[in-house]
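Q: Before I ask anything, here is the structure I am working with.
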There are 2 protein chains.
Amino acid sequence: MTTDRIASYVAENAARFLDELTALVSIPSISTLPEHREDVRRAAEFLVAELQGTLGMSTVELIETAGHPLVYAEWINLPDKPTVLIYGHYDVQPVDPLELWLSPPFEPVIKGDDLFARGAVDDKGPMFATLKAIQSLIHTEGTLPVNIRLLIEGEEESGGKSVEAFVSAHAEHLRADCALVLDTAMVAKGVPTISYGLRGMAYAEIVARGAEHDLHSGVYGGIGPNPLQALAWVLADLKGRDGRINLPGLYEMMQPLSDEERAALARQSELQEKELLSAAGFREMSGESGFCVAERASARPTFEVHGIIGGFTGEGAKTVIPAEAKAKVSLRLVPGQNPAVVLALLSKRVQELTSPGITLEVRPLHVGDPVLLGLDSPVLKTAARALEQEFGHEVAFLREGGSIPVVALFDQLLKVPVVLIGFSLPDDNIHAPNEKFHIPNYYAAIRVVAGFLKRLGAKAEAE
Amino acid sequence: MTTDRIASYVAENAARFLDELTALVSIPSISTLPEHREDVRRAAEFLVAELQGTLGMSTVELIETAGHPLVYAEWINLPDKPTVLIYGHYDVQPVDPLELWLSPPFEPVIKGDDLFARGAVDDKGPMFATLKAIQSLIHTEGTLPVNIRLLIEGEEESGGKSVEAFVSAHAEHLRADCALVLDTAMVAKGVPTISYGLRGMAYAEIVARGAEHDLHSGVYGGIGPNPLQALAWVLADLKGRDGRINLPGLYEMMQPLSDEERAALARQSELQEKELLSAAGFREMSGESGFCVAERASARPTFEVHGIIGGFTGEGAKTVIPAEAKAKVSLRLVPGQNPAVVLALLSKRVQELTSPGITLEVRPLHVGDPVLLGLDSPVLKTAARALEQEFGHEVAFLREGGSIPVVALFDQLLKVPVVLIGFSLPDDNIHAPNEKFHIPNYYAAIRVVAGFLKRLGAKAEAE
């Protein structure tokens, strides 16, 4: 059977596939930091060279954008077969705090079954697995079972503006029958997982300004404006100790959950809660009461503070009242909640929360729409069968807490069914120090993608 | 008259005195930053060389401590005359935010009547004026009118532990009839000012810890512990929007103000309020209602946040929930409030304010006792007359909002009357970018100190 040929090919080339991924994760393609601009381009060029190599793609392009380049490739040779649009991203998160990494983030290390490096699982490993699946199919079959468009971006971790502009401008050119994205999570190790929902995102910076320059607390303590204290008041008001977000109108916009979904989330909570706690090393969940862990983490809006800076933060003591302080915050949004509307609510609420002598500014940094994908598309069932064959376990259908802004465009603009197959584990430390990819999941991803594409092609033949 | 001889000498040597001070303020003696350790020592050595030069001191010592060195010198030659213990500090505050300085902080610049440099007014300028006063007396009179002990420390801006240990251990050796400190403020330009109160200080760092490592808000948003949000809740609770500090027991410890003091503070507020606002460039005072500006700034306890750091603070957006966040905070304390007791209250209260999954730690950084000096000591009256002769204006007696921890020791341990004469102006930007010293105040300080010492000597003769 052909799938065995794929499995054999993957097994024979396992070391090379891992070496190639190791080379890719060695490139510090941190898209949000201007000083890594050239590194981001190097990662794009690495993929272009890979796609121009033994993958047999008919078109390979490095597309310049206002931000980081896009990598686009296609193999369109079978008029009677469906076309699959595969999306991934080659950029990675920043690495700080660097001191918590056990090995340098861009010097990949293999320990046991894990490859440690920034970007290993988010998203270089799973994204690269789709290329290796194509290569495996070409080398074992001499052809691909379906037509392929590959779109790989370099700004997923910094707002994704360029890919959104590109997809919006070239919707016709990107015509496909379905889209495949490997950038989500598994419920637990060994449990194949398809995500059908993604949260949206409204990310902003709140800037608090007081005096024209820093003040001495011996002179101005008790009378002058303190932007750090002002930020504390704002942040404590925006989210209370009960976990409720105090943005009037926010909860009213939510689409209601069905009883069935809520029951599934409760089952998912049982599966995930212990693993989430032990992976992160804390003892007690926080958040809104009255909702199970999985619902809070994927089907409720959240408000989180990502960073605060202001005043004296060196060693020792300085009795300064700073002129300015900043907080980075975001809301994860669920279907029904429009990010631009939410940013407007946030801006209005923050203004209401100002204090004497303080001016507050809300600077939007990026937005992404929430997505809720239909569970009844035939391609989803095809993907589920490919997964079940690989893992020998029933597929879990999941709402993902994270956000992949371009998926909303695929869903709403391209109007194609989107299949989100997850390969990251709860303890893979995504966005954190010591990010890793569980290497067996790398090979599983290659086999699953190849199997999924073959099934899609065979199904088209049967029709 | 001899005072005219002093004035002439100061006038003739004005350029040299300013050059010498410029050399001293060029040394980046930031005591709180370990990387400036050698610079701090250089400043101490500069003073030792100065004291060994033409000042005629009989003993000059650089005294090693567990921290930065002390500079000690004495001139004890007149058994029938009183001994004056002069205190000052040669260390300075950190310079950040560096980008707000109009000229580099350790490249002194003279603009108009002002010398701009970190430490110019706090406290190198006024401290050095006491040395120049001694030099002026020696050179014009051939002797000093009183016995002198000079004690200059290098840790005033970072806790002052070494000078406190030294004074405690050598109380007998430091025997004096009064102490003179030039490290406080003038109510307004041209208004000679003696401070009779100093606030105490309880400075601590609050550390909030959540998970073992940073978390991804797409996975842990809404369920994981967020140390930044936890800090916001703590800080917003510790000081409410009404300016009240929520530390049960804090206000109960205060010594009450007399009606006379409160009336004086109200008059002082009228004098200061506009100048404080315009010097700092904000429009509206904040703080506790029901108390005038001067009372809030000098006779009420305050709680201020000096710095917060945690999470992602670079350019752009990162959706991280940090494992740890820190806030530096201090309380300024008034007579009756013991700093150690207040730190214990703070620690207890912070523990009560924790949130699920968060551990909070309060790390004491330094403490200083509040001081309230008697207004009826004869040396205070002598100092007032020296000031009135210089400025032709009645002396204002002031409670100072700042803290000079060693003054409490002089008062309580050495039991000497302490005279605090101020030469910093409201717009001198102490502890802030563009710190400056009003140069006419430098020469005034030299003449006032010389005049004060001469009056003390003459008075002893008359008795």
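To be explicit about the labels: the chains of the structure tokens are called A, B, and onward in the order shown, and within each one the residues are counted from 1, while ligands get numbers from 1 in the order they are shown.
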Could you pull the residues within 9 Å of Thr54 (chain A), counting only C-alpha atoms, minus those fewer than 2 positions along the same chain, as a list of chain:residue names?
A: A:Glu50, A:Leu51, A:Gln52, A:Gly56, A:Met57, A:Gln135, A:Ile138, A:His139
Q: Please save N, CA and C atoms of the selected residues as a short mmCIF file (atom, residue, chain, number, x, y, z; two decimals), in the first residue's frame.
A:
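again12.cif, freshly written:
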data_model
loop_
_atom_site.label_atom_id
_atom_site.label_comp_id
_atom_site.auth_asym_id
_atom_site.auth_seq_id
_atom_site.Cartn_x
_atom_site.Cartn_y
_atom_site.Cartn_z
N GLU A 50 14.73 25.32 -0.51
CA GLU A 50 14.15 24.00 -0.26
C GLU A 50 13.08 23.66 -1.30
N LEU A 51 12.21 24.64 -1.56
CA LEU A 51 11.09 24.41 -2.49
C LEU A 51 11.59 24.30 -3.94
N GLN A 52 12.69 25.00 -4.23
CA GLN A 52 13.26 24.92 -5.58
C GLN A 52 14.06 23.62 -5.78
N GLY A 56 9.89 19.50 -6.46
CA GLY A 56 9.20 19.44 -7.75
C GLY A 56 8.11 20.47 -7.95
N MET A 57 8.17 21.58 -7.20
CA MET A 57 7.13 22.60 -7.35
C MET A 57 7.29 23.28 -8.70
N GLN A 135 7.56 16.27 -0.39
CA GLN A 135 8.77 15.63 -0.89
C GLN A 135 8.63 14.09 -0.86
N ILE A 138 6.29 13.03 -3.70
CA ILE A 138 6.94 13.16 -5.02
C ILE A 138 7.96 12.03 -5.21
N HIS A 139 8.71 11.74 -4.16
CA HIS A 139 9.78 10.75 -4.31
C HIS A 139 9.28 9.31 -4.34
#
Q: I need the residues of region 323-456 of chain B that end up classed as helix (DSSP H, G or I) by DSSP on the backbone, written out as a PyMOL selection string.
A: chain B and resi 339-352+378-391+405-414+439-456
Q: Could you turn the residues from that selection into a file that holds C-alpha atoms, as a compact mmCIF listing (two decimals), in the first residue's frame?
A:
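As written to disk, selection.txt reads:
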# COMPACT_ATOMS: atom_id res chain seq x y z
CA PRO B 339 10.20 51.91 59.18
CA ALA B 340 10.77 48.31 60.31
CA VAL B 341 7.26 48.11 61.68
CA VAL B 342 5.89 49.60 58.46
CA LEU B 343 7.80 47.05 56.34
CA ALA B 344 6.27 44.29 58.44
CA LEU B 345 2.80 45.77 57.88
CA LEU B 346 3.52 45.98 54.15
CA SER B 347 4.72 42.41 53.99
CA LYS B 348 1.65 41.16 55.84
CA ARG B 349 -0.76 43.19 53.72
CA VAL B 350 0.85 42.07 50.44
CA GLN B 351 0.48 38.43 51.49
CA GLU B 352 -3.21 39.06 52.12
CA PRO B 378 20.46 78.23 69.94
CA VAL B 379 22.52 76.91 67.00
CA LEU B 380 19.40 76.98 64.83
CA LYS B 381 19.01 80.66 65.67
CA THR B 382 22.69 81.27 64.84
CA ALA B 383 22.23 79.54 61.49
CA ALA B 384 19.11 81.60 60.83
CA ARG B 385 21.03 84.83 61.43
CA ALA B 386 23.80 83.74 59.04
CA LEU B 387 21.16 82.96 56.41
CA GLU B 388 19.29 86.22 56.91
CA GLN B 389 22.51 88.18 56.52
CA GLU B 390 23.18 86.43 53.19
CA PHE B 391 19.69 86.57 51.71
CA PRO B 405 18.71 58.51 57.22
CA VAL B 406 21.90 59.54 59.06
CA VAL B 407 20.23 62.64 60.47
CA ALA B 408 18.09 60.43 62.71
CA LEU B 409 21.30 58.95 64.14
CA PHE B 410 22.83 62.39 64.78
CA ASP B 411 19.63 63.37 66.55
CA GLN B 412 18.99 60.20 68.54
CA LEU B 413 22.42 58.62 69.02
CA LEU B 414 24.86 61.54 69.05
CA ILE B 439 25.39 78.65 40.80
CA PRO B 440 24.58 81.75 42.93
CA ASN B 441 23.37 79.29 45.57
CA TYR B 442 26.81 77.62 45.50
CA TYR B 443 28.56 80.84 46.46
CA ALA B 444 25.77 81.72 48.90
CA ALA B 445 26.23 78.31 50.56
CA ILE B 446 30.00 78.93 50.95
CA ARG B 447 29.41 82.34 52.54
CA VAL B 448 26.56 81.09 54.75
CA VAL B 449 28.60 78.16 56.12
CA ALA B 450 31.60 80.39 56.76
CA GLY B 451 29.35 82.97 58.41
CA PHE B 452 27.60 80.34 60.53
CA LEU B 453 30.92 78.87 61.77
CA LYS B 454 32.29 82.32 62.57
CA ARG B 455 29.15 83.24 64.51
CA LEU B 456 29.37 79.96 66.45
Q: If we count only C-alpha atoms, what is near region 200-204 of chain A at a cut-off of 7 Å, once residues fewer than 4 positions away on the same chain are taken out, given as a ChimeraX atom specification?
A: /A:328-334,339,343,362-370,403
Q: Keeping N, CA and C atoms, export the residues of the selection given above as a PDB file, in the first residue's frame.
A:
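Result went into out_34.pdb, see below:
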ATOM      1  N   LYS A 328       1.724  46.528  27.928  1.00  0.00           N
ATOM      2  CA  LYS A 328       1.205  45.843  26.742  1.00  0.00           C
ATOM      3  C   LYS A 328       0.124  44.884  27.209  1.00  0.00           C
ATOM      4  N   VAL A 329      -1.011  44.952  26.552  1.00  0.00           N
ATOM      5  CA  VAL A 329      -2.148  44.121  26.956  1.00  0.00           C
ATOM      6  C   VAL A 329      -2.816  43.548  25.713  1.00  0.00           C
ATOM      7  N   SER A 330      -3.517  42.427  25.899  1.00  0.00           N
ATOM      8  CA  SER A 330      -4.339  41.946  24.795  1.00  0.00           C
ATOM      9  C   SER A 330      -5.605  41.296  25.309  1.00  0.00           C
ATOM     10  N   LEU A 331      -6.591  41.311  24.483  1.00  0.00           N
ATOM     11  CA  LEU A 331      -7.794  40.514  24.693  1.00  0.00           C
ATOM     12  C   LEU A 331      -7.823  39.424  23.634  1.00  0.00           C
ATOM     13  N   ARG A 332      -8.055  38.181  24.059  1.00  0.00           N
ATOM     14  CA  ARG A 332      -8.379  37.105  23.127  1.00  0.00           C
ATOM     15  C   ARG A 332      -9.900  37.149  22.969  1.00  0.00           C
ATOM     16  N   LEU A 333     -10.357  37.020  21.762  1.00  0.00           N
ATOM     17  CA  LEU A 333     -11.783  37.232  21.492  1.00  0.00           C
ATOM     18  C   LEU A 333     -12.420  35.983  20.917  1.00  0.00           C
ATOM     19  N   VAL A 334     -13.702  35.837  21.172  1.00  0.00           N
ATOM     20  CA  VAL A 334     -14.422  34.662  20.689  1.00  0.00           C
ATOM     21  C   VAL A 334     -15.425  35.097  19.622  1.00  0.00           C
ATOM     22  N   PRO A 339     -12.628  42.650  16.766  1.00  0.00           N
ATOM     23  CA  PRO A 339     -11.454  43.225  17.427  1.00  0.00           C
ATOM     24  C   PRO A 339     -11.395  44.745  17.363  1.00  0.00           C
ATOM     25  N   LEU A 343     -11.237  47.146  20.583  1.00  0.00           N
ATOM     26  CA  LEU A 343     -10.195  48.149  20.821  1.00  0.00           C
ATOM     27  C   LEU A 343     -10.810  49.517  21.107  1.00  0.00           C
ATOM     28  N   VAL A 362      -4.168  54.737  24.386  1.00  0.00           N
ATOM     29  CA  VAL A 362      -4.224  53.334  23.973  1.00  0.00           C
ATOM     30  C   VAL A 362      -3.760  53.263  22.521  1.00  0.00           C
ATOM     31  N   ARG A 363      -2.643  52.580  22.299  1.00  0.00           N
ATOM     32  CA  ARG A 363      -2.096  52.430  20.947  1.00  0.00           C
ATOM     33  C   ARG A 363      -2.379  51.020  20.447  1.00  0.00           C
ATOM     34  N   PRO A 364      -3.257  50.860  19.466  1.00  0.00           N
ATOM     35  CA  PRO A 364      -3.524  49.516  18.931  1.00  0.00           C
ATOM     36  C   PRO A 364      -2.257  48.948  18.298  1.00  0.00           C
ATOM     37  N   LEU A 365      -1.943  47.697  18.561  1.00  0.00           N
ATOM     38  CA  LEU A 365      -0.760  47.076  17.950  1.00  0.00           C
ATOM     39  C   LEU A 365      -1.134  46.025  16.908  1.00  0.00           C
ATOM     40  N   HIS A 366      -2.066  45.141  17.201  1.00  0.00           N
ATOM     41  CA  HIS A 366      -2.617  44.345  16.115  1.00  0.00           C
ATOM     42  C   HIS A 366      -3.917  43.663  16.477  1.00  0.00           C
ATOM     43  N   VAL A 367      -4.617  43.229  15.457  1.00  0.00           N
ATOM     44  CA  VAL A 367      -5.928  42.624  15.643  1.00  0.00           C
ATOM     45  C   VAL A 367      -6.036  41.369  14.782  1.00  0.00           C
ATOM     46  N   GLY A 368      -6.914  40.470  15.186  1.00  0.00           N
ATOM     47  CA  GLY A 368      -7.211  39.274  14.384  1.00  0.00           C
ATOM     48  C   GLY A 368      -8.631  38.840  14.720  1.00  0.00           C
ATOM     49  N   ASP A 369      -9.339  38.426  13.713  1.00  0.00           N
ATOM     50  CA  ASP A 369     -10.731  38.003  13.932  1.00  0.00           C
ATOM     51  C   ASP A 369     -10.804  36.608  14.534  1.00  0.00           C
ATOM     52  N   PRO A 370     -11.778  36.366  15.410  1.00  0.00           N
ATOM     53  CA  PRO A 370     -12.024  34.993  15.871  1.00  0.00           C
ATOM     54  C   PRO A 370     -12.624  34.163  14.729  1.00  0.00           C
ATOM     55  N   SER A 403      -4.651  32.280  18.400  1.00  0.00           N
ATOM     56  CA  SER A 403      -5.174  33.039  17.269  1.00  0.00           C
ATOM     57  C   SER A 403      -4.251  32.843  16.072  1.00  0.00           C
TER      58      SER A 403
END
Q: From a DSSP calculation on the backbone, collect every residue of region 97-341 of chain B in strand (DSSP E) and output the set as an NGL selection string.
A: :B and (109-111 or 114-116 or 147-153 or 178-185 or 193-198 or 200-209 or 215-216 or 302-311 or 320-321 or 324-333)
Q: Taking into account only C-alpha atoms, which residue in the set B:Gly53, B:Gly392, B:Gly125, B:Pro145 is nearest to Leu78 (chain B)?
A: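 For Leu78 (chain B), the nearest of the given residues is B:Pro145.
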Q: Quick one: residues within 10 Å of region 207-216 of chain A, only C-alpha atoms counted, chain neighbours fewer than 5 positions away excluded, as a PyMOL selection string?
A: (chain A and resi 221+224-231+234+308-311+318-328+354-363) or (chain B and resi 96-97+100-101+277-284+306+401-402+429-434)
Q: So that I can check the surroundings of Leu276 (chain A), please list as a list in words every protein, DNA and RNA residue that reaches within 10 Å of it, counting only C-alpha atoms and ignoring chain neighbours fewer than 6 positions away.
A: Val187, Ala188, Ser269, Phe282, Met285, Val293, Leu425, Pro426 and Asp427 of chain A; Val219, Tyr220, Ile223 and Gly224 of chain B
Q: One decimal, in Å: what's the spacing between CA of Lys436 (chain B) and CA of Phe46 (chain B)?
A: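 Distance reported for this atom pair: 20.6 Å.
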Q: Could you pull the residues within 7 Å of region 14-25 of chain B, counting only C-alpha atoms, minus those fewer than 4 positions along the same chain, as a ChimeraX atom specification?
A: /B:10,43,106,108,117-120,124-125
Q: Using N, CA and C atoms, can you write the selected residues to a file as a PDB file, in the first residue's frame?
A:
ATOM      1  N   VAL B  10      35.740  84.636  48.255  1.00  0.00           N
ATOM      2  CA  VAL B  10      34.848  83.806  47.423  1.00  0.00           C
ATOM      3  C   VAL B  10      34.738  84.426  46.026  1.00  0.00           C
ATOM      4  N   ALA B  43      35.472  59.350  43.372  1.00  0.00           N
ATOM      5  CA  ALA B  43      34.910  60.569  43.969  1.00  0.00           C
ATOM      6  C   ALA B  43      35.402  60.726  45.407  1.00  0.00           C
ATOM      7  N   PHE B 106      27.225  63.360  33.035  1.00  0.00           N
ATOM      8  CA  PHE B 106      28.534  63.519  33.668  1.00  0.00           C
ATOM      9  C   PHE B 106      29.490  64.349  32.806  1.00  0.00           C
ATOM     10  N   PRO B 108      29.472  68.075  32.664  1.00  0.00           N
ATOM     11  CA  PRO B 108      28.790  69.261  33.194  1.00  0.00           C
ATOM     12  C   PRO B 108      28.751  70.410  32.168  1.00  0.00           C
ATOM     13  N   ALA B 117      24.390  68.842  35.782  1.00  0.00           N
ATOM     14  CA  ALA B 117      25.115  67.568  35.895  1.00  0.00           C
ATOM     15  C   ALA B 117      24.404  66.729  36.953  1.00  0.00           C
ATOM     16  N   ARG B 118      24.456  65.415  36.808  1.00  0.00           N
ATOM     17  CA  ARG B 118      23.933  64.558  37.872  1.00  0.00           C
ATOM     18  C   ARG B 118      24.753  64.789  39.137  1.00  0.00           C
ATOM     19  N   GLY B 119      24.084  65.039  40.243  1.00  0.00           N
ATOM     20  CA  GLY B 119      24.743  65.263  41.519  1.00  0.00           C
ATOM     21  C   GLY B 119      25.081  66.722  41.791  1.00  0.00           C
ATOM     22  N   ALA B 120      24.816  67.611  40.814  1.00  0.00           N
ATOM     23  CA  ALA B 120      25.214  69.014  40.978  1.00  0.00           C
ATOM     24  C   ALA B 120      24.645  69.597  42.274  1.00  0.00           C
ATOM     25  N   LYS B 124      26.607  66.972  45.692  1.00  0.00           N
ATOM     26  CA  LYS B 124      28.001  67.382  45.537  1.00  0.00           C
ATOM     27  C   LYS B 124      28.183  68.892  45.684  1.00  0.00           C
ATOM     28  N   GLY B 125      27.282  69.667  45.081  1.00  0.00           N
ATOM     29  CA  GLY B 125      27.423  71.121  45.135  1.00  0.00           C
ATOM     30  C   GLY B 125      27.377  71.655  46.557  1.00  0.00           C
TER      31      GLY B 125
END
Q: Please indicate the distance in Å from CA of Gly112 (chain B) to CA of Ser31 (chain B), rounded to one decimal place.
A: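 CA of Ser31 (chain B) lies 29.4 Å from CA of Gly112 (chain B).
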Q: Using only C-alpha atoms, find the one residue out of A:Ala462, A:Lys111, A:Pro126, A:Leu102 that sits nearest to chain B.
A: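 Comparing A:Ala462, A:Lys111, A:Pro126, A:Leu102 against chain B, the winner is A:Leu102.
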Q: Which one of B:Thr130, B:Thr313, B:Thr143, B:Asn13 sits closest to chain A if you count only C-alpha atoms?
A: B:Thr313
Q: Could you name the residues that touch Glu157 (chain A) at 9 Å or less, counting only C-alpha atoms, but leaving out those on the same chain fewer than 2 positions away, as a list in words?
A: Ile30, Ser31, Thr32, His89, Asp91, Val92, Gln93, Pro94, Gly154, Glu155, Gly159 and Gly160 of chain A; Ala317, Lys318 and Thr319 of chain B
